[in-house]
file upload35.cif (mmCIF, C-alpha atoms)
data_coords
loop_
_atom_site.label_atom_id
_atom_site.label_comp_id
_atom_site.auth_asym_id
_atom_site.auth_seq_id
_atom_site.Cartn_x
_atom_site.Cartn_y
_atom_site.Cartn_z
CA MET A 1 -5.67 23.91 -55.20
CA GLU A 2 -3.09 25.34 -52.78
CA THR A 3 -5.87 27.12 -50.84
CA CYS A 4 -7.77 23.84 -50.57
CA ARG A 5 -4.67 22.03 -49.25
CA VAL A 6 -4.06 24.73 -46.62
CA PHE A 7 -7.70 24.48 -45.54
CA VAL A 8 -7.45 20.68 -45.15
CA VAL A 9 -4.24 20.97 -43.07
CA LYS A 10 -5.80 23.63 -40.84
CA TYR A 11 -8.95 21.48 -40.53
CA TYR A 12 -6.97 18.45 -39.35
CA LEU A 13 -4.78 20.53 -37.03
CA PHE A 14 -7.87 22.05 -35.45
CA PHE A 15 -9.43 18.69 -34.73
CA PHE A 16 -6.09 17.24 -33.59
CA PHE A 17 -5.69 19.95 -30.94
CA LEU A 18 -9.38 19.73 -30.07
CA SER A 19 -9.03 15.99 -29.40
CA LEU A 20 -5.89 16.61 -27.32
CA PHE A 21 -7.75 19.21 -25.28
CA SER A 22 -10.71 16.91 -24.71
CA LEU A 23 -8.35 14.10 -23.68
CA SER A 24 -6.66 16.37 -21.14
CA LEU A 25 -10.08 17.40 -19.86
CA GLU A 26 -11.05 13.74 -19.49
CA PHE A 27 -7.83 13.01 -17.59
CA SER A 28 -8.24 15.97 -15.26
CA LYS A 29 -11.84 14.92 -14.66
CA ALA A 30 -10.73 11.37 -13.88
CA GLN A 31 -7.97 12.56 -11.55
CA MET A 32 -9.71 12.80 -8.18
CA VAL A 33 -6.80 13.98 -6.01
CA PRO A 34 -3.55 15.85 -6.74
CA ALA A 35 -1.31 13.09 -5.36
CA VAL A 36 -1.06 9.87 -3.39
CA PHE A 37 1.78 9.51 -0.89
CA VAL A 38 2.28 5.90 0.21
CA PHE A 39 3.94 4.71 3.42
CA GLY A 40 4.21 1.11 4.53
CA ASP A 41 5.70 -2.33 4.15
CA SER A 42 5.91 -5.04 1.48
CA LEU A 43 2.14 -5.03 0.95
CA VAL A 44 2.56 -1.71 -0.89
CA ASP A 45 6.30 -1.56 -1.76
CA VAL A 46 6.57 -0.76 -5.49
CA GLY A 47 10.33 -1.17 -5.72
CA ASN A 48 12.11 0.88 -3.04
CA ASN A 49 13.91 -2.16 -1.69
CA ASN A 50 15.51 -2.75 -5.10
CA TYR A 51 17.77 0.17 -4.19
CA LEU A 52 18.77 -1.14 -0.73
CA THR A 53 22.00 -2.99 -1.42
CA VAL A 54 22.11 -5.43 1.50
CA SER A 55 18.39 -6.00 2.06
CA VAL A 56 17.13 -9.57 1.81
CA ALA A 57 13.54 -8.31 1.63
CA LYS A 58 13.41 -8.03 -2.15
CA ALA A 59 11.08 -9.18 -4.89
CA ASN A 60 13.01 -8.12 -8.01
CA PHE A 61 13.28 -11.68 -9.33
CA PRO A 62 10.92 -14.26 -10.87
CA HIS A 63 8.24 -15.34 -10.40
CA ASN A 64 7.13 -12.02 -8.94
CA GLY A 65 5.54 -9.80 -11.56
CA ILE A 66 4.42 -12.65 -13.81
CA ASP A 67 1.06 -10.90 -14.32
CA PHE A 68 2.39 -7.33 -14.22
CA PRO A 69 1.89 -5.42 -17.51
CA ASN A 70 5.46 -6.10 -18.69
CA LYS A 71 5.49 -9.59 -17.07
CA LYS A 72 8.74 -8.72 -15.31
CA PRO A 73 9.59 -8.50 -11.60
CA THR A 74 9.52 -4.90 -10.41
CA GLY A 75 10.13 -5.27 -6.68
CA ARG A 76 6.44 -5.78 -5.88
CA PHE A 77 5.78 -8.79 -3.63
CA CYS A 78 2.99 -9.95 -5.88
CA ASN A 79 2.18 -11.72 -9.14
CA GLY A 80 0.94 -8.41 -10.56
CA LYS A 81 -0.21 -5.06 -9.26
CA ASN A 82 -0.42 -4.49 -5.52
CA ALA A 83 -2.82 -2.40 -3.44
CA ALA A 84 -0.82 0.82 -3.96
CA ASP A 85 -1.09 0.49 -7.75
CA LEU A 86 -4.80 -0.24 -7.60
CA LEU A 87 -5.52 2.67 -5.25
CA ALA A 88 -3.72 5.00 -7.68
CA GLU A 89 -5.90 3.63 -10.50
CA LYS A 90 -9.03 4.39 -8.50
CA VAL A 91 -8.15 8.07 -8.13
CA GLY A 92 -7.03 8.46 -11.75
CA LEU A 93 -3.28 8.67 -11.15
CA PRO A 94 -0.29 6.62 -12.28
CA SER A 95 1.26 4.46 -9.56
CA SER A 96 3.30 6.55 -7.14
CA PRO A 97 6.94 5.78 -8.08
CA PRO A 98 9.42 4.46 -5.49
CA TYR A 99 11.16 7.33 -3.72
CA LEU A 100 14.61 5.76 -4.03
CA SER A 101 14.24 5.61 -7.83
CA LEU A 102 13.88 9.41 -7.89
CA SER A 103 15.95 10.72 -4.99
CA ASN A 104 19.23 10.94 -6.96
CA LYS A 105 17.66 12.29 -10.15
CA LYS A 106 17.74 15.94 -11.11
CA ASN A 107 14.32 17.35 -11.98
CA ALA A 108 12.50 14.31 -10.54
CA SER A 109 8.73 14.86 -10.41
CA TYR A 110 6.97 14.27 -7.10
CA VAL A 111 3.86 16.27 -7.93
CA ASN A 112 1.50 13.26 -8.37
CA GLY A 113 2.85 11.49 -5.33
CA VAL A 114 5.59 9.08 -4.38
CA SER A 115 5.88 5.78 -2.53
CA PHE A 116 8.12 5.55 0.52
CA ALA A 117 6.99 1.99 1.36
CA SER A 118 9.68 -0.58 2.05
CA GLY A 119 9.44 -4.37 2.38
CA GLY A 120 10.23 -5.44 5.94
CA ALA A 121 9.41 -2.02 7.39
CA GLY A 122 7.60 -1.52 10.65
CA ILE A 123 6.24 1.20 12.87
CA PHE A 124 9.25 0.57 15.11
CA ASN A 125 12.78 0.98 13.82
CA GLY A 126 13.88 -2.44 15.05
CA THR A 127 11.90 -4.50 12.54
CA ASP A 128 14.43 -3.83 9.77
CA GLN A 129 17.12 -5.74 11.72
CA VAL A 130 15.45 -8.99 10.69
CA PHE A 131 15.77 -8.10 7.01
CA ARG A 132 19.16 -6.37 7.42
CA GLN A 133 17.96 -3.28 5.68
CA ALA A 134 14.57 -1.63 5.23
CA MET A 135 13.22 1.87 5.64
CA PRO A 136 11.14 1.95 8.85
CA LEU A 137 8.24 4.35 9.10
CA SER A 138 10.31 7.06 10.81
CA LYS A 139 12.73 7.08 7.85
CA GLN A 140 9.85 7.07 5.36
CA VAL A 141 8.39 10.15 7.04
CA GLU A 142 11.82 11.84 6.95
CA ASN A 143 11.95 11.16 3.21
CA TYR A 144 8.51 12.71 2.83
CA LEU A 145 9.72 15.85 4.60
CA ALA A 146 12.45 16.15 1.95
CA VAL A 147 9.83 15.81 -0.82
CA ASN A 148 7.60 18.31 0.95
CA ASN A 149 10.44 20.84 0.91
CA ILE A 150 11.05 20.30 -2.83
CA LEU A 151 7.36 20.74 -3.68
CA VAL A 152 7.07 23.89 -1.56
CA GLN A 153 9.97 25.34 -3.56
CA GLN A 154 8.45 24.27 -6.89
CA LEU A 155 4.82 25.22 -6.26
CA GLY A 156 5.14 28.02 -3.74
CA SER A 157 3.99 27.86 -0.14
CA SER A 158 0.27 28.55 -0.68
CA ALA A 159 -0.17 26.23 -3.69
CA ALA A 160 1.82 23.47 -1.96
CA LYS A 161 -0.33 23.74 1.16
CA ASN A 162 -3.46 23.33 -0.98
CA HIS A 163 -1.83 20.45 -2.90
CA PHE A 164 -0.97 18.48 0.25
CA SER A 165 -4.31 19.15 1.93
CA LYS A 166 -6.20 17.50 -0.95
CA SER A 167 -3.77 14.59 -1.44
CA ILE A 168 -4.19 11.12 0.05
CA PHE A 169 -1.64 9.87 2.58
CA ALA A 170 -1.95 6.08 2.58
CA ILE A 171 -0.35 4.12 5.43
CA ILE A 172 -0.30 0.31 5.40
CA ILE A 173 2.02 -0.96 8.13
CA GLY A 174 2.20 -2.95 11.39
CA SER A 175 2.30 -6.64 10.45
CA ASN A 176 6.10 -6.83 10.69
CA ASP A 177 6.02 -5.32 14.17
CA LEU A 178 3.72 -8.10 15.38
CA PHE A 179 5.75 -10.82 13.65
CA ASP A 180 8.83 -9.31 15.27
CA TYR A 181 7.21 -9.33 18.71
CA PHE A 182 6.18 -12.98 18.55
CA GLY A 183 9.58 -13.96 17.17
CA SER A 184 11.60 -12.13 19.84
CA SER A 185 11.90 -13.32 23.44
CA ASP A 186 13.54 -9.97 24.31
CA LEU A 187 10.54 -7.98 23.12
CA ARG A 188 8.15 -10.31 24.96
CA LYS A 189 10.13 -9.81 28.19
CA LYS A 190 9.92 -6.02 27.88
CA ASN A 191 6.20 -5.74 27.10
CA THR A 192 3.00 -7.72 27.43
CA PRO A 193 1.21 -8.14 24.09
CA GLN A 194 -1.32 -5.47 25.10
CA GLN A 195 1.43 -3.02 26.04
CA PHE A 196 3.15 -3.72 22.73
CA VAL A 197 0.10 -3.08 20.51
CA ASP A 198 -0.72 0.07 22.49
CA LEU A 199 2.87 1.25 21.98
CA MET A 200 2.55 0.51 18.24
CA ALA A 201 -0.56 2.71 17.98
CA ASN A 202 1.00 5.49 20.05
CA THR A 203 4.24 5.45 18.03
CA LEU A 204 2.22 5.59 14.79
CA LYS A 205 0.31 8.56 16.21
CA GLY A 206 3.58 10.47 16.55
CA GLN A 207 4.40 9.88 12.88
CA LEU A 208 0.91 10.95 11.76
CA LYS A 209 1.34 14.19 13.70
CA ARG A 210 4.65 14.79 11.90
CA LEU A 211 2.91 14.32 8.55
CA TYR A 212 0.09 16.63 9.67
CA ALA A 213 2.63 19.32 10.60
CA PHE A 214 3.87 19.16 7.00
CA GLY A 215 0.57 19.43 5.19
CA ALA A 216 -1.17 16.04 5.39
CA ARG A 217 -4.90 16.28 6.05
CA LYS A 218 -6.43 13.19 4.42
CA PHE A 219 -5.21 9.87 5.79
CA PHE A 220 -6.04 6.35 4.71
CA LEU A 221 -4.96 3.71 7.23
CA ALA A 222 -5.37 -0.03 6.84
CA GLY A 223 -5.66 -2.21 9.90
CA ILE A 224 -3.54 -5.37 10.13
CA GLY A 225 -5.02 -8.37 8.32
CA ALA A 226 -5.49 -11.92 9.58
CA ILE A 227 -1.73 -12.53 9.73
CA GLY A 228 -2.22 -15.82 11.57
CA CYS A 229 -3.91 -17.23 8.44
CA SER A 230 -1.00 -16.56 6.08
CA PRO A 231 0.56 -19.70 4.54
CA ALA A 232 3.74 -18.98 6.56
CA GLU A 233 1.76 -19.32 9.80
CA ARG A 234 -0.50 -22.21 8.74
CA VAL A 235 2.44 -24.39 7.69
CA LYS A 236 3.76 -24.32 11.29
CA ASN A 237 0.54 -25.98 12.45
CA LYS A 238 0.09 -29.75 11.89
CA THR A 239 -3.60 -29.18 11.14
CA GLN A 240 -2.76 -26.24 8.83
CA GLU A 241 -5.17 -24.07 10.79
CA CYS A 242 -4.65 -20.36 11.46
CA ASN A 243 -2.51 -19.13 14.35
CA GLU A 244 -5.32 -17.72 16.47
CA GLU A 245 -2.99 -16.01 18.96
CA HIS A 246 -1.49 -13.90 16.18
CA ASN A 247 -4.96 -13.15 14.83
CA PHE A 248 -6.18 -12.16 18.31
CA TRP A 249 -3.43 -9.58 18.72
CA SER A 250 -3.96 -8.29 15.18
CA VAL A 251 -7.52 -7.46 16.24
CA LYS A 252 -6.30 -5.89 19.50
CA TYR A 253 -3.86 -3.66 17.61
CA ASN A 254 -6.63 -2.65 15.20
CA GLU A 255 -8.81 -1.66 18.16
CA ALA A 256 -5.97 0.49 19.55
CA LEU A 257 -5.44 2.05 16.09
CA LYS A 258 -9.13 2.94 15.72
CA ALA A 259 -9.22 4.51 19.19
CA MET A 260 -6.05 6.49 18.44
CA LEU A 261 -7.47 7.82 15.16
CA ASN A 262 -10.74 8.80 16.78
CA GLY A 263 -8.80 10.80 19.37
CA LEU A 264 -6.60 12.38 16.71
CA LYS A 265 -9.67 13.65 14.84
CA SER A 266 -10.61 15.85 17.79
CA GLU A 267 -6.99 16.81 18.49
CA LEU A 268 -5.94 18.01 15.01
CA GLN A 269 -7.99 20.61 13.17
CA GLY A 270 -8.99 19.79 9.60
CA ILE A 271 -7.91 16.16 9.66
CA ASN A 272 -10.00 13.46 7.94
CA TYR A 273 -9.31 9.77 7.76
CA SER A 274 -10.57 6.44 6.51
CA TYR A 275 -9.73 3.35 8.56
CA PHE A 276 -10.09 0.08 6.66
CA ASP A 277 -10.84 -3.16 8.52
CA THR A 278 -8.49 -5.42 6.54
CA TYR A 279 -8.88 -8.16 9.12
CA SER A 280 -12.63 -8.62 8.64
CA ILE A 281 -12.56 -8.64 4.84
CA MET A 282 -9.62 -11.09 4.83
CA GLN A 283 -11.48 -13.38 7.22
CA SER A 284 -14.47 -13.25 4.92
CA LEU A 285 -12.28 -14.20 1.92
CA ILE A 286 -10.68 -17.06 3.86
CA GLN A 287 -13.91 -18.43 5.34
CA LYS A 288 -16.01 -18.10 2.16
CA PRO A 289 -13.49 -18.16 -0.70
CA SER A 290 -15.92 -19.41 -3.37
CA VAL A 291 -18.16 -16.35 -2.83
CA TYR A 292 -15.24 -14.21 -4.05
CA GLY A 293 -14.19 -16.55 -6.87
CA PHE A 294 -11.34 -18.37 -5.08
CA ASN A 295 -10.80 -22.09 -4.59
CA GLU A 296 -7.54 -21.99 -2.59
CA GLU A 297 -7.39 -19.97 0.60
CA LYS A 298 -4.68 -21.83 2.54
CA ALA A 299 -1.75 -22.48 0.22
CA ALA A 300 0.48 -19.94 -1.47
CA CYS A 301 0.47 -19.82 -5.25
CA CYS A 302 4.27 -19.53 -5.47
CA GLY A 303 6.66 -21.53 -3.30
CA LEU A 304 7.68 -25.10 -2.49
CA GLY A 305 6.67 -27.76 0.04
CA ASP A 306 3.54 -28.03 2.17
CA LEU A 307 1.11 -25.23 1.32
CA LYS A 308 3.96 -23.99 -0.92
CA ALA A 309 5.14 -22.35 2.28
CA LYS A 310 8.28 -24.30 3.19
CA VAL A 311 10.32 -22.36 0.62
CA PRO A 312 9.39 -18.78 -0.37
CA CYS A 313 8.67 -17.56 -3.89
CA VAL A 314 12.14 -17.66 -5.48
CA PRO A 315 13.20 -18.53 -9.04
CA ILE A 316 13.45 -22.29 -8.25
CA SER A 317 9.89 -22.33 -6.84
CA THR A 318 6.84 -23.46 -8.76
CA TYR A 319 3.72 -21.35 -9.12
CA CYS A 320 0.04 -22.01 -9.77
CA SER A 321 -1.30 -21.74 -13.30
CA ASN A 322 -4.31 -19.58 -12.38
CA ARG A 323 -3.40 -16.87 -9.90
CA LYS A 324 -7.03 -15.71 -9.75
CA ASP A 325 -7.90 -18.92 -7.86
CA HIS A 326 -5.59 -18.14 -4.94
CA VAL A 327 -6.01 -15.73 -2.03
CA PHE A 328 -2.24 -15.73 -1.35
CA TRP A 329 0.58 -15.24 -3.81
CA ASP A 330 3.43 -16.27 -1.49
CA LEU A 331 4.13 -16.86 2.21
CA TYR A 332 2.57 -13.56 3.31
CA HIS A 333 1.27 -11.49 0.42
CA PRO A 334 -2.05 -11.50 -1.44
CA THR A 335 -2.44 -12.12 -5.15
CA GLU A 336 -3.46 -9.23 -7.37
CA ALA A 337 -6.97 -10.74 -7.45
CA THR A 338 -7.18 -10.45 -3.64
CA ALA A 339 -5.68 -6.95 -3.68
CA ARG A 340 -8.37 -5.86 -6.19
CA ILE A 341 -11.14 -7.02 -3.86
CA LEU A 342 -9.52 -5.23 -0.93
CA VAL A 343 -9.11 -1.96 -2.88
CA ASP A 344 -12.63 -2.12 -4.36
CA THR A 345 -13.94 -2.51 -0.80
CA LEU A 346 -11.83 0.19 0.83
CA PHE A 347 -12.70 2.63 -1.94
CA ASP A 348 -16.45 2.13 -2.31
CA GLY A 349 -17.32 -0.37 0.40
CA PRO A 350 -19.86 -0.13 3.23
CA SER A 351 -19.34 1.25 6.75
CA GLN A 352 -18.99 -2.37 7.87
CA TYR A 353 -15.39 -2.19 6.64
CA SER A 354 -14.54 1.54 6.52
CA VAL A 355 -14.72 3.92 9.49
CA PRO A 356 -15.87 6.71 9.55
CA MET A 357 -15.89 6.80 5.74
CA ASN A 358 -14.55 4.96 2.72
CA VAL A 359 -11.81 6.40 0.51
CA ARG A 360 -14.19 7.81 -2.11
CA GLN A 361 -15.88 9.78 0.68
CA LEU A 362 -12.46 10.78 2.05
CA VAL A 363 -11.53 12.23 -1.35
CA SER A 364 -14.64 14.44 -1.23
CA ALA A 365 -14.31 15.37 2.45
#

call {"tool": "encode", "arguments": {"input": "upload35.cif", "output": "structure tokens"}}
result
Amino acid sequence: METCRVFVVKYYLFFFFLSLFSLSLEFSKAQMVPAVFVFGDSLVDVGNNNYLTVSVAKANFPHNGIDFPNKKPTGRFCNGKNAADLLAEKVGLPSSPPYLSLSNKKNASYVNGVSFASGGAGIFNGTDQVFRQAMPLSKQVENYLAVNNILVQQLGSSAAKNHFSKSIFAIIIGSNDLFDYFGSSDLRKKNTPQQFVDLMANTLKGQLKRLYAFGARKFFLAGIGAIGCSPAERVKNKTQECNEEHNFWSVKYNEALKAMLNGLKSELQGINYSYFDTYSIMQSLIQKPSVYGFNEEKAACCGLGDLKAKVPCVPISTYCSNRKDHVFWDLYHPTEATARILVDTLFDGPSQYSVPMNVRQLVSA
């Protein structure tokens, strides 16, 4: 009897460990890259600004997060998951945690990636003055250099080099710089719009070269979307139409960004990138919303007043009952439903939207 019992225990233990092993194999098979490092603004901030004491660019209050798994605000400027979360899902990784949630912790793990993105951030340092406090791209890159140093110590130089070279460096930034330019008479006196967007692309190039010098080889960069069609811009127009001047210069910046990346490819050995034409896919969503399952492309879901864009998404605001109907969650940011379409397209979409390759192809490059 005792022998039989021992056999049964061993039998179950064997299959328990076998199932654990197969699960780990499945996970490693699903994990397409070692890590995702995210840089950017509120479109991909997963909570860094929660830790910035005087910043007004925060989303750690209702009704943000109403569709997030725990239904609580996390600091994401969205009703649910944002593009950074969904990109992580695509490559089989958990969402890259906010850097500021880890930076003071002993034994913090950065091995699967980290998010440096900060609401209100821009390519230029000056954009954070509007929001009192944000981490501009230069600071985000500095924070990455600190993480790079930690991982080199943990993994060893050779393993770390391999780790970084296969990881995705996702950069979604630039909208705040353009909003800043059009809102500042001083900036408009210093530069023509064309000079400004060229300077944006050139400044971004400098930061990409810094990342390259510290191991980055695979870059994903999103162009600026149709910012003139955000509820915040439409509500300023009596006809509620898009601000075409802002859209025009979004396109001009995207052209400068594409040209810069093309030049960088021949300048830096071993670099690969995917540029995503956010502008074109957003225009498609806005012009043909029903094709994508939307019935409201102008108004925000959460806010107050005309187009729910007179008052931002704050606890006293009202919000729509079906977030999947709306392109925009608040004054500026897409709903999770919109973010899913964007990420599906950037990951597996055609060359119409991704140049010279989509993110799935970038992973394999």

call {"tool": "closest_residue", "arguments": {"input": "upload35.cif", "among": "A:Phe169, A:Tyr144, A:Phe294, A:Tyr319", "to": "A:Pro34", "atoms": "only C-alpha atoms"}}
result
A:Phe169

call {"tool": "closest_residue", "arguments": {"input": "upload35.cif", "among": "A:Lys106, A:Asn272, A:Gln154, A:Gln240", "to": "A:Phe219", "atoms": "all atoms listed in the file"}}
result
A:Asn272

call {"tool": "residues_around", "arguments": {"input": "upload35.cif", "residues": "A:Ala259", "least_positions_apart": "5", "cutoff": "9 Å", "atoms": "only C-alpha atoms", "output": "list in words"}}
result
Ala201, Asn254 and Leu264 of chain A

call {"tool": "residues_near_point", "arguments": {"input": "upload35.cif", "point": "(-7.2, 12.8, 3.5)", "cutoff": "7 Å", "atoms": "all atoms listed in the file", "output": "PDB file with C-alpha atoms, keeping the file's coordinate frame"}}
result
ATOM      1  CA  LYS A 166      -6.200  17.500  -0.950  1.00  0.00           C
ATOM      2  CA  SER A 167      -3.770  14.590  -1.440  1.00  0.00           C
ATOM      3  CA  ILE A 168      -4.190  11.120   0.050  1.00  0.00           C
ATOM      4  CA  PHE A 169      -1.640   9.870   2.580  1.00  0.00           C
ATOM      5  CA  ARG A 217      -4.900  16.280   6.050  1.00  0.00           C
ATOM      6  CA  LYS A 218      -6.430  13.190   4.420  1.00  0.00           C
ATOM      7  CA  PHE A 219      -5.210   9.870   5.790  1.00  0.00           C
ATOM      8  CA  PHE A 220      -6.040   6.350   4.710  1.00  0.00           C
ATOM      9  CA  ASN A 272     -10.000  13.460   7.940  1.00  0.00           C
ATOM     10  CA  TYR A 273      -9.310   9.770   7.760  1.00  0.00           C
ATOM     11  CA  LEU A 362     -12.460  10.780   2.050  1.00  0.00           C
ATOM     12  CA  VAL A 363     -11.530  12.230  -1.350  1.00  0.00           C
TER      13      VAL A 363
END

call {"tool": "resolve_selection", "arguments": {"input": "upload35.cif", "expression": "the PyMOL selection byres ((chain A and resi 302-304) around 12)", "output": "JSON, numbers by chain"}}
result
{"A": [62, 63, 64, 65, 66, 77, 78, 79, 231, 232, 235, 299, 300, 301, 305, 306, 307, 308, 309, 310, 311, 312, 313, 314, 315, 316, 317, 318, 319, 320, 321, 322, 323, 326, 327, 328, 329, 330, 331, 332, 333, 334, 335]}

call {"tool": "closest_residue", "arguments": {"input": "upload35.cif", "among": "A:Gly270, A:Pro73, A:Pro289, A:Gly223", "to": "A:Val355", "atoms": "only C-alpha atoms"}}
result
A:Gly223

call {"tool": "residues_around", "arguments": {"input": "upload35.cif", "residues": "A:Lys161", "least_positions_apart": "4", "cutoff": "9 Å", "atoms": "all atoms listed in the file", "output": "list in words"}}
result
Val152, Gly156, Ser157, Ser165, Lys166, Phe214, Gly215 and Ala216 of chain A

call {"tool": "write_last_selection", "arguments": {"input": "upload35.cif", "atoms": "C-alpha atoms", "output": "PDB file, in the frame of the given file"}}
result
ATOM      1  CA  VAL A 152       7.070  23.890  -1.560  1.00  0.00           C
ATOM      2  CA  GLY A 156       5.140  28.020  -3.740  1.00  0.00           C
ATOM      3  CA  SER A 157       3.990  27.860  -0.140  1.00  0.00           C
ATOM      4  CA  SER A 165      -4.310  19.150   1.930  1.00  0.00           C
ATOM      5  CA  LYS A 166      -6.200  17.500  -0.950  1.00  0.00           C
ATOM      6  CA  PHE A 214       3.870  19.160   7.000  1.00  0.00           C
ATOM      7  CA  GLY A 215       0.570  19.430   5.190  1.00  0.00           C
ATOM      8  CA  ALA A 216      -1.170  16.040   5.390  1.00  0.00           C
TER       9      ALA A 216
END

call {"tool": "atom_distance", "arguments": {"input": "upload35.cif", "atom1": "atom CA of A:Asn125", "atom2": "atom CA of A:Val147"}}
result
21.0 Å

call {"tool": "closest_residue", "arguments": {"input": "upload35.cif", "among": "A:Gln133, A:Gln269, A:Ser96, A:Ser364", "to": "A:Ala213", "atoms": "all atoms listed in the file"}}
result
A:Gln269

call {"tool": "closest_residue", "arguments": {"input": "upload35.cif", "among": "A:Phe37, A:Tyr212, A:Tyr275, A:Phe179", "to": "A:Ser250", "atoms": "all atoms listed in the file"}}
result
A:Phe179

call {"tool": "resolve_selection", "arguments": {"input": "upload35.cif", "expression": "the PyMOL selection byres ((chain A and resi 49) around 10)", "output": "list in words"}}
result
Ser42, Asp45, Val46, Gly47, Asn48, Asn50, Tyr51, Leu52, Thr53, Val54, Ser55, Val56, Ala57, Lys58, Ala59, Asn60, Gly75, Arg76, Pro98, Leu100, Ser101, Phe116, Ala117, Ser118, Gly119, Gly120, Gln133, Ala134 and Met135 of chain A

call {"tool": "build_atoms", "arguments": {"input": "upload35.cif", "residues": "stretch 258-263 of chain A", "atoms": "all heavy atoms", "output": "PDB file, in the frame of the given file"}}
result
ATOM      1  N   LYS A 258      -7.859   2.218  15.904  1.00  0.00           N
ATOM      2  CA  LYS A 258      -9.130   2.940  15.720  1.00  0.00           C
ATOM      3  C   LYS A 258      -9.349   3.978  16.821  1.00  0.00           C
ATOM      4  O   LYS A 258      -9.775   5.107  16.554  1.00  0.00           O
ATOM      5  CB  LYS A 258     -10.305   1.950  15.696  1.00  0.00           C
ATOM      6  CG  LYS A 258     -10.532   1.295  14.348  1.00  0.00           C
ATOM      7  CD  LYS A 258     -11.858   0.583  14.285  1.00  0.00           C
ATOM      8  CE  LYS A 258     -11.829  -0.720  15.061  1.00  0.00           C
ATOM      9  NZ  LYS A 258     -13.087  -1.492  14.878  1.00  0.00           N
ATOM     10  N   ALA A 259      -9.055   3.589  18.064  1.00  0.00           N
ATOM     11  CA  ALA A 259      -9.220   4.510  19.190  1.00  0.00           C
ATOM     12  C   ALA A 259      -8.273   5.696  19.054  1.00  0.00           C
ATOM     13  O   ALA A 259      -8.658   6.848  19.314  1.00  0.00           O
ATOM     14  CB  ALA A 259      -8.982   3.774  20.510  1.00  0.00           C
ATOM     15  N   MET A 260      -7.040   5.415  18.631  1.00  0.00           N
ATOM     16  CA  MET A 260      -6.050   6.490  18.440  1.00  0.00           C
ATOM     17  C   MET A 260      -6.526   7.469  17.373  1.00  0.00           C
ATOM     18  O   MET A 260      -6.459   8.694  17.541  1.00  0.00           O
ATOM     19  CB  MET A 260      -4.699   5.892  18.070  1.00  0.00           C
ATOM     20  CG  MET A 260      -3.598   6.919  17.832  1.00  0.00           C
ATOM     21  SD  MET A 260      -3.504   7.499  16.113  1.00  0.00           S
ATOM     22  CE  MET A 260      -2.687   6.106  15.338  1.00  0.00           C
ATOM     23  N   LEU A 261      -7.018   6.960  16.256  1.00  0.00           N
ATOM     24  CA  LEU A 261      -7.470   7.820  15.160  1.00  0.00           C
ATOM     25  C   LEU A 261      -8.671   8.667  15.562  1.00  0.00           C
ATOM     26  O   LEU A 261      -8.763   9.841  15.208  1.00  0.00           O
ATOM     27  CB  LEU A 261      -7.813   6.962  13.929  1.00  0.00           C
ATOM     28  CG  LEU A 261      -6.630   6.311  13.212  1.00  0.00           C
ATOM     29  CD1 LEU A 261      -7.119   5.297  12.187  1.00  0.00           C
ATOM     30  CD2 LEU A 261      -5.756   7.362  12.543  1.00  0.00           C
ATOM     31  N   ASN A 262      -9.562   8.069  16.314  1.00  0.00           N
ATOM     32  CA  ASN A 262     -10.740   8.800  16.780  1.00  0.00           C
ATOM     33  C   ASN A 262     -10.328   9.974  17.674  1.00  0.00           C
ATOM     34  O   ASN A 262     -10.875  11.080  17.570  1.00  0.00           O
ATOM     35  CB  ASN A 262     -11.661   7.843  17.546  1.00  0.00           C
ATOM     36  CG  ASN A 262     -13.013   8.468  17.836  1.00  0.00           C
ATOM     37  OD1 ASN A 262     -13.603   9.123  16.980  1.00  0.00           O
ATOM     38  ND2 ASN A 262     -13.500   8.281  19.058  1.00  0.00           N
ATOM     39  N   GLY A 263      -9.314   9.739  18.516  1.00  0.00           N
ATOM     40  CA  GLY A 263      -8.800  10.800  19.370  1.00  0.00           C
ATOM     41  C   GLY A 263      -8.090  11.879  18.577  1.00  0.00           C
ATOM     42  O   GLY A 263      -8.207  13.075  18.873  1.00  0.00           O
TER      43      GLY A 263
END
